[in-house]
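Asker: Got target-v3.cif for you, mmCIF, C-alpha atoms:
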```cif
data_model
loop_
_atom_site.label_atom_id
_atom_site.label_comp_id
_atom_site.auth_asym_id
_atom_site.auth_seq_id
_atom_site.Cartn_x
_atom_site.Cartn_y
_atom_site.Cartn_z
CA MET G 288 -8.14 -3.82 -14.82
CA SER G 289 -11.88 -3.23 -14.63
CA GLU G 290 -14.61 -5.87 -14.51
CA SER G 291 -15.18 -5.30 -18.23
CA GLY G 292 -11.57 -6.29 -18.90
CA HIS G 293 -10.48 -2.81 -19.93
CA THR G 294 -7.01 -1.87 -18.74
CA PHE G 295 -6.61 1.72 -17.56
CA ALA G 296 -3.46 3.75 -18.01
CA TYR G 297 -3.64 5.06 -14.46
CA ALA G 298 -4.24 3.56 -11.05
CA PHE G 299 -5.24 6.89 -9.54
CA LYS G 300 -5.85 10.29 -11.03
CA THR G 301 -6.20 13.41 -8.88
CA GLU G 302 -7.60 16.74 -10.01
CA HIS G 303 -6.74 19.86 -7.98
CA LEU G 304 -6.67 17.74 -4.82
CA THR G 305 -6.37 19.85 -1.69
CA ARG G 306 -6.57 19.14 2.03
CA SER G 307 -6.40 21.94 4.60
CA PHE G 308 -6.07 21.74 8.37
CA ALA G 309 -7.00 24.97 10.18
CA GLY G 310 -6.02 26.95 7.11
CA PHE G 311 -2.76 25.06 6.50
CA LYS G 312 -2.72 23.26 3.14
CA ALA G 313 -1.08 19.91 3.80
CA VAL G 314 -1.89 18.90 0.22
CA ASN G 315 -2.11 21.83 -2.15
CA ASP G 316 -3.85 21.61 -5.54
CA ILE G 317 -2.30 18.35 -6.78
CA THR G 318 -3.23 17.18 -10.28
CA LEU G 319 -1.46 13.90 -10.98
CA GLU G 320 -1.82 10.57 -12.77
CA ILE G 321 -0.28 7.54 -11.07
CA PRO G 322 0.30 4.90 -13.76
CA SER G 323 -1.07 1.38 -13.39
CA GLY G 324 1.34 -1.42 -12.62
CA GLY G 325 4.75 -1.38 -11.00
CA VAL G 326 5.88 0.03 -7.67
CA ARG G 327 4.95 3.72 -7.30
CA THR G 328 6.67 5.37 -4.34
CA ILE G 329 5.94 8.70 -2.67
CA ILE G 330 8.81 10.38 -0.84
CA GLY G 331 9.59 13.78 0.62
CA PRO G 332 10.98 15.57 3.67
CA ASN G 333 9.04 15.46 6.93
CA GLY G 334 5.94 17.61 6.63
CA ALA G 335 5.86 17.34 2.84
CA GLY G 336 2.28 15.99 2.84
CA LYS G 337 3.05 12.38 1.86
CA THR G 338 0.84 10.67 4.43
CA THR G 339 -1.99 13.15 3.95
CA PHE G 340 -1.89 12.51 0.19
CA PHE G 341 -1.87 8.74 0.84
CA ASN G 342 -4.86 9.16 3.18
CA LEU G 343 -6.77 11.09 0.53
CA LEU G 344 -6.18 8.34 -2.02
CA SER G 345 -7.23 5.55 0.34
CA GLY G 346 -10.28 7.43 1.67
CA LEU G 347 -9.09 7.82 5.23
CA LEU G 348 -9.42 11.60 4.82
CA PRO G 349 -11.87 13.56 2.65
CA PRO G 350 -10.39 16.35 0.54
CA SER G 351 -11.13 19.99 1.17
CA SER G 352 -11.50 20.31 -2.60
CA GLY G 353 -10.65 18.42 -5.76
CA ARG G 354 -11.29 14.87 -6.92
CA VAL G 355 -9.79 11.36 -6.79
CA LEU G 356 -10.48 8.95 -9.66
CA PHE G 357 -9.85 5.20 -9.75
CA GLU G 358 -9.97 3.79 -13.27
CA ASP G 359 -12.86 5.78 -14.78
CA ARG G 360 -14.77 6.27 -11.53
CA ASP G 361 -14.91 9.28 -9.24
CA ILE G 362 -14.27 7.81 -5.79
CA THR G 363 -13.85 11.10 -3.92
CA GLY G 364 -16.85 10.50 -1.69
CA LEU G 365 -16.27 6.80 -1.00
CA ASP G 366 -15.24 5.47 2.42
CA PRO G 367 -12.19 3.18 2.77
CA TYR G 368 -14.34 0.01 2.94
CA GLN G 369 -16.10 1.03 -0.28
CA ARG G 370 -12.76 1.59 -1.99
CA ALA G 371 -11.60 -1.80 -0.71
CA ARG G 372 -14.52 -3.42 -2.54
CA LEU G 373 -13.26 -1.82 -5.75
CA GLY G 374 -9.83 -3.38 -5.28
CA ILE G 375 -7.95 -0.71 -3.30
CA ALA G 376 -6.30 -2.15 -0.19
CA ARG G 377 -4.07 -0.47 2.35
CA SER G 378 -1.83 -1.39 5.25
CA PHE G 379 -0.77 1.06 7.95
CA GLN G 380 2.39 1.95 9.86
CA ILE G 381 1.03 0.16 12.95
CA THR G 382 0.51 -3.57 12.49
CA ASN G 383 -3.11 -4.71 12.56
CA ILE G 384 -3.14 -8.44 13.28
CA PHE G 385 -4.79 -10.83 15.75
CA GLY G 386 -1.93 -11.51 18.14
CA LYS G 387 -3.61 -14.35 20.04
CA LEU G 388 -4.39 -16.31 16.86
CA SER G 389 -1.93 -18.35 14.85
CA VAL G 390 -0.37 -16.95 11.70
CA TYR G 391 -2.46 -19.41 9.66
CA GLU G 392 -5.69 -18.44 11.43
CA ASN G 393 -5.00 -14.75 10.76
CA VAL G 394 -4.71 -15.39 7.03
CA ARG G 395 -7.60 -17.86 6.88
CA LEU G 396 -9.96 -15.35 8.52
CA ALA G 397 -8.85 -12.66 6.07
CA VAL G 398 -9.61 -14.99 3.15
CA GLN G 399 -12.86 -16.11 4.75
CA SER G 400 -14.10 -12.54 5.08
CA LEU G 401 -14.27 -12.33 1.28
CA TYR G 402 -16.96 -15.00 1.12
CA ASP G 403 -19.58 -13.33 3.25
CA GLY G 404 -18.16 -9.98 4.31
CA LYS G 405 -17.34 -11.13 7.84
CA ALA G 406 -15.26 -13.71 9.66
CA ASN G 407 -17.90 -16.44 10.00
CA PHE G 408 -16.65 -19.50 11.89
CA LEU G 409 -19.69 -21.57 10.81
CA LEU G 410 -19.14 -21.82 7.06
CA PRO G 411 -20.22 -25.14 5.44
CA SER G 412 -17.39 -27.66 5.48
CA GLY G 413 -17.39 -27.86 1.68
CA ARG G 414 -16.10 -24.30 1.50
CA MET G 415 -13.39 -24.71 4.12
CA GLY G 416 -11.05 -26.64 1.81
CA ASP G 417 -10.98 -23.76 -0.63
CA LEU G 418 -10.27 -21.34 2.21
CA HIS G 419 -7.45 -23.55 3.41
CA GLY G 420 -5.86 -23.69 -0.02
CA LYS G 421 -6.00 -19.92 -0.47
CA ALA G 422 -4.58 -19.31 3.02
CA VAL G 423 -1.71 -21.74 2.43
CA ALA G 424 -0.92 -20.06 -0.89
CA ILE G 425 -0.75 -16.64 0.75
CA LEU G 426 1.47 -17.94 3.55
CA ASP G 427 3.79 -19.29 0.89
CA ASP G 428 3.74 -15.96 -0.98
CA ILE G 429 4.73 -14.00 2.12
CA GLY G 430 7.31 -16.55 3.26
CA LEU G 431 5.62 -17.44 6.55
CA SER G 432 4.66 -21.07 5.90
CA PRO G 433 7.24 -22.33 8.45
CA ALA G 434 5.60 -20.12 11.11
CA ALA G 435 2.00 -21.03 10.25
CA GLU G 436 1.20 -22.47 13.70
CA ALA G 437 3.01 -19.80 15.70
CA LEU G 438 1.02 -17.13 17.54
CA ALA G 439 1.09 -13.90 15.57
CA GLU G 440 2.15 -11.95 18.67
CA ASN G 441 5.32 -14.03 18.87
CA LEU G 442 6.56 -13.10 15.40
CA SER G 443 9.39 -10.64 14.93
CA HIS G 444 8.44 -7.10 13.94
CA GLY G 445 9.42 -7.76 10.33
CA ASP G 446 7.38 -10.97 10.15
CA GLN G 447 4.38 -9.21 11.67
CA ARG G 448 4.57 -6.60 8.93
CA ARG G 449 4.79 -9.34 6.30
CA LEU G 450 1.79 -11.04 7.88
CA GLU G 451 -0.14 -7.79 7.66
CA ILE G 452 0.71 -7.58 3.97
CA GLY G 453 -0.63 -11.13 3.66
CA LEU G 454 -3.92 -10.10 5.25
CA VAL G 455 -4.23 -7.31 2.70
CA LEU G 456 -3.28 -9.69 -0.13
CA ALA G 457 -6.19 -11.92 0.84
CA ARG G 458 -8.45 -9.47 -0.99
CA ASP G 459 -6.35 -9.88 -4.16
CA PRO G 460 -6.38 -6.08 -4.63
CA ALA G 461 -5.65 -4.28 -7.88
CA ILE G 462 -3.91 -1.55 -5.86
CA LEU G 463 -1.92 -2.34 -2.72
CA MET G 464 -1.01 0.71 -0.63
CA LEU G 465 1.76 0.22 1.94
CA ASP G 466 2.55 2.94 4.46
CA GLU G 467 6.23 2.73 5.47
CA PRO G 468 6.41 -1.07 5.14
CA THR G 469 10.04 -1.29 6.31
CA ALA G 470 9.77 1.10 9.29
CA GLY G 471 11.59 -0.24 12.36
CA MET G 472 13.01 -3.27 10.56
CA SER G 473 16.49 -4.69 10.77
CA PRO G 474 18.52 -4.82 7.54
CA THR G 475 17.69 -8.53 7.17
CA GLU G 476 13.97 -7.89 7.67
CA THR G 477 14.08 -4.97 5.25
CA HIS G 478 15.70 -7.13 2.59
CA ALA G 479 13.05 -9.83 3.06
CA THR G 480 10.25 -7.25 2.79
CA VAL G 481 11.73 -5.74 -0.37
CA GLU G 482 11.88 -9.22 -1.90
CA LEU G 483 8.26 -9.81 -0.89
CA ILE G 484 7.07 -6.58 -2.51
CA GLN G 485 8.94 -7.42 -5.70
CA ARG G 486 7.46 -10.94 -5.69
CA ILE G 487 3.84 -9.80 -5.33
CA SER G 488 4.02 -6.77 -7.64
CA PRO G 489 3.32 -8.45 -11.02
CA GLY G 490 -0.30 -7.93 -12.06
CA ARG G 491 -1.06 -5.15 -9.60
CA THR G 492 -0.08 -1.60 -8.66
CA ILE G 493 1.85 -1.20 -5.42
CA MET G 494 2.05 2.24 -3.85
CA LEU G 495 4.49 3.03 -1.07
CA VAL G 496 5.22 5.83 1.33
CA GLU G 497 8.79 5.06 2.33
CA HIS G 498 11.64 6.88 4.09
CA ASP G 499 14.46 4.43 3.41
CA ILE G 500 16.06 5.93 0.31
CA ASP G 501 18.04 2.77 -0.44
CA VAL G 502 14.78 0.81 -0.51
CA VAL G 503 13.09 3.48 -2.62
CA MET G 504 15.84 3.52 -5.22
CA SER G 505 16.07 -0.27 -5.45
CA ILE G 506 12.38 -1.10 -5.68
CA SER G 507 10.53 1.76 -7.38
CA THR G 508 9.27 1.91 -10.94
CA THR G 509 8.57 5.62 -10.53
CA ILE G 510 9.02 8.03 -7.63
CA THR G 511 6.85 11.03 -6.77
CA VAL G 512 8.65 13.61 -4.64
CA MET G 513 6.54 15.95 -2.51
CA GLN G 514 7.53 19.18 -0.80
CA THR G 515 5.29 21.54 1.20
CA GLY G 516 2.12 19.85 -0.02
CA GLN G 517 2.95 19.94 -3.71
CA ILE G 518 4.63 17.74 -6.30
CA LEU G 519 8.30 18.60 -6.69
CA ALA G 520 9.23 15.92 -9.22
CA VAL G 521 8.10 12.63 -10.78
CA GLY G 522 10.43 10.20 -12.51
CA THR G 523 12.37 6.97 -12.50
CA PRO G 524 14.89 6.38 -9.71
CA GLU G 525 17.68 7.51 -12.03
CA GLU G 526 15.83 10.69 -13.00
CA ILE G 527 15.04 11.51 -9.38
CA ARG G 528 18.62 10.89 -8.27
CA ASP G 529 19.87 13.34 -10.90
CA ASN G 530 17.18 15.99 -10.30
CA GLU G 531 18.78 19.16 -8.90
CA ALA G 532 15.57 20.37 -7.23
CA VAL G 533 15.26 17.05 -5.42
CA GLN G 534 18.91 17.22 -4.41
CA ARG G 535 18.33 20.65 -2.86
CA ALA G 536 15.20 19.46 -1.02
CA TYR G 537 17.08 16.54 0.48
CA LEU G 538 20.29 18.51 1.08
CA GLY G 539 22.28 16.01 -0.94
CA GLY G 540 20.71 12.97 0.72
CA LEU G 541 20.26 11.19 -2.60
CA ALA G 542 23.81 11.69 -3.81
#
```
Will you turn the file into structure tokens for me?
Answerer:
Amino acid sequence: MSESGHTFAYAFKTEHLTRSFAGFKAVNDITLEIPSGGVRTIIGPNGAGKTTFFNLLSGLLPPSSGRVLFEDRDITGLDPYQRARLGIARSFQITNIFGKLSVYENVRLAVQSLYDGKANFLLPSGRMGDLHGKAVAILDDIGLSPAAEALAENLSHGDQRRLEIGLVLARDPAILMLDEPTAGMSPTETHATVELIQRISPGRTIMLVEHDIDVVMSISTTITVMQTGQILAVGTPEEIRDNEAVQRAYLGGLA
């Protein structure tokens, strides 16, 4: 939703989006609308262009040609931090947390950065109570309240990934982009992360790049399948499971 209160039908729209590396088109002329709301997952075989497409949407890479639109705004030339100010937030495959700080301090600093654009330890005391309340609410959302005083570096891999999602949630983004959020997790950690994503999805768009097909099929509102830099199919989990072209691309892996 925009500042004017207008709700847009799409979270992202791309027009002839292309990214080449030394003549190789990792993303090749993609025109696509990604609807607002729900969990929108991008899948595909290795080398399909998923991560490059994700990087083009989040601003980590500039396109060789084409455009990216967010709501009614052309954001093609904006850097990631500029997109973040518009409500587009992203986590990465590698966790990005402050290991020597407590879980609570990690979240409080993320919330605090919204007030003045940096982690300022000298905020007036009158504002600290509000920061505390927001940090506690996020810890509750991500299920890490019991570990609030633990050092972040001592968390399990799954809890570190959930903490990173909490740091991104501190910005209350309209679009939350998660790059392989369950990578390297145990089945228990994966289940907890899926529950977290489902819990925080109402009111925002969540975009995933994910390899775990069981996760993809259980959590996605729609799935975009990529192959050799292009869109192979878009549909609901049921439509994708029954799509013969997708079946061939995955050699029966969705059966």
Asker: With distances taken over all atoms listed in the file, which of G:Val533, G:Val326, G:Ala397, G:Val423 is nearest to Leu495 in chain G?
Answerer: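 Closest to Leu495 in chain G of all the choices is G:Val326.
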Asker: List the neighbours of Gly420 in chain G out to 12 Å using only C-alpha atoms; skip same-chain residues closer than 5 positions along the sequence, and give me the result as a ChimeraX atom specification.
Answerer: /G:391,394-395,398-399,414-415,425-427,457
Asker: Within 9 Å of (9.7, -3.9, -7.2) in the file's own coordinates, which protein, DNA or RNA residues have an atom, counting only C-alpha atoms? List them as number ranges by chain.
Answerer: G: 325-327, 481-489, 493, 505-508
Asker: Using all atoms listed in the file, which residue out of G:Gly453, G:Gly386, G:Gly331, G:Gly516 lies closest to Val314 in chain G?
Answerer: G:Gly516
Asker: Under the rule that only C-alpha atoms are counted, which of G:Glu467, G:Asp529, G:Glu440, G:Asp459 is the nearest residue to Met494 in chain G?
Answerer: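 That would be G:Glu467, the residue with the smallest distance to Met494 in chain G.
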Asker: Choose the residue, out of G:Ile317, G:Ala532, G:Leu388, G:Leu465, that has the smallest atom-to-atom separation from Ser345 in chain G; count all atoms listed in the file.
Answerer: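 Ranked by minimum distance to Ser345 in chain G, first place goes to G:Leu465.
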Asker: If you measure from CA of Glu525 in chain G to CA of Ile321 in chain G, what distance in Å do you get, rounded to one decimal?
Answerer: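 These atoms are spaced 18.0 Å apart.
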Asker: To verify the selection step, state as JSON, numbers by chain which residues the PyMOL selection byres ((chain G and resi 347-360) around 10) yields on this input.
Answerer: {"G": [288, 289, 293, 294, 295, 296, 297, 298, 299, 300, 301, 302, 303, 304, 305, 306, 307, 308, 312, 314, 315, 316, 317, 318, 319, 320, 321, 323, 339, 340, 341, 342, 343, 344, 345, 346, 361, 362, 363, 364, 365, 366, 367, 368, 370, 373, 374, 375, 462]}
Asker: Just want the 12 Å neighbourhood of Arg448 in chain G, counted on only C-alpha atoms, with same-chain residues fewer than 3 positions away dropped. Output as a PyMOL selection string.
Answerer: chain G and resi 378-384+390+429-431+439-440+442-445+451-455+465-472+476-477+479-481+483-484
Asker: Between CA of Thr515 in chain G and CA of Ile500 in chain G, what is the distance in Å, rounded to a tenth?
Answerer: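 So the two atoms, CA of Thr515 in chain G and CA of Ile500 in chain G, lie 19.0 Å apart.
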Asker: Can you measure CA of Ser389 in chain G to CA of Ala437 in chain G for me? One decimal in Å is fine.
Answerer: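 So the answer is 5.2 Å.
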Asker: Quick one: everything within 7 Å of Pro524 in chain G, counting all atoms listed in the file, minus sequence neighbours fewer than 3 positions away in the same chain. Send it as a count of residues only.
Answerer: 6
Asker: Counting only C-alpha atoms, which of G:Thr492, G:Asn393, G:Thr338, G:Gln534 gets nearest to Ala520 in chain G?
Answerer: G:Gln534
Asker: Could you put an axis-aligned box around every listed atom of range 514-517 of chain G, padded by 6 Å on each side, and send me its centre and edge lengths in Å to one decimal, as lines of an AutoDock Vina configuration file?
Answerer:
```
center_x = 4.8
center_y = 20.4
center_z = -1.3
size_x = 17.4
size_y = 14.4
size_z = 16.9
```
Asker: Let me know the residues the PyMOL selection byres ((chain G and resi 329) around 6) catches in the file above, as a ChimeraX atom specification.
Answerer: /G:328,330,496,510-512
Asker: Nearest to Asn333 in chain G: which of G:Val521, G:Lys387, G:Glu526, G:Ala313 is it, counting only C-alpha atoms?
Answerer: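 Smallest distance to Asn333 in chain G is found for G:Ala313.
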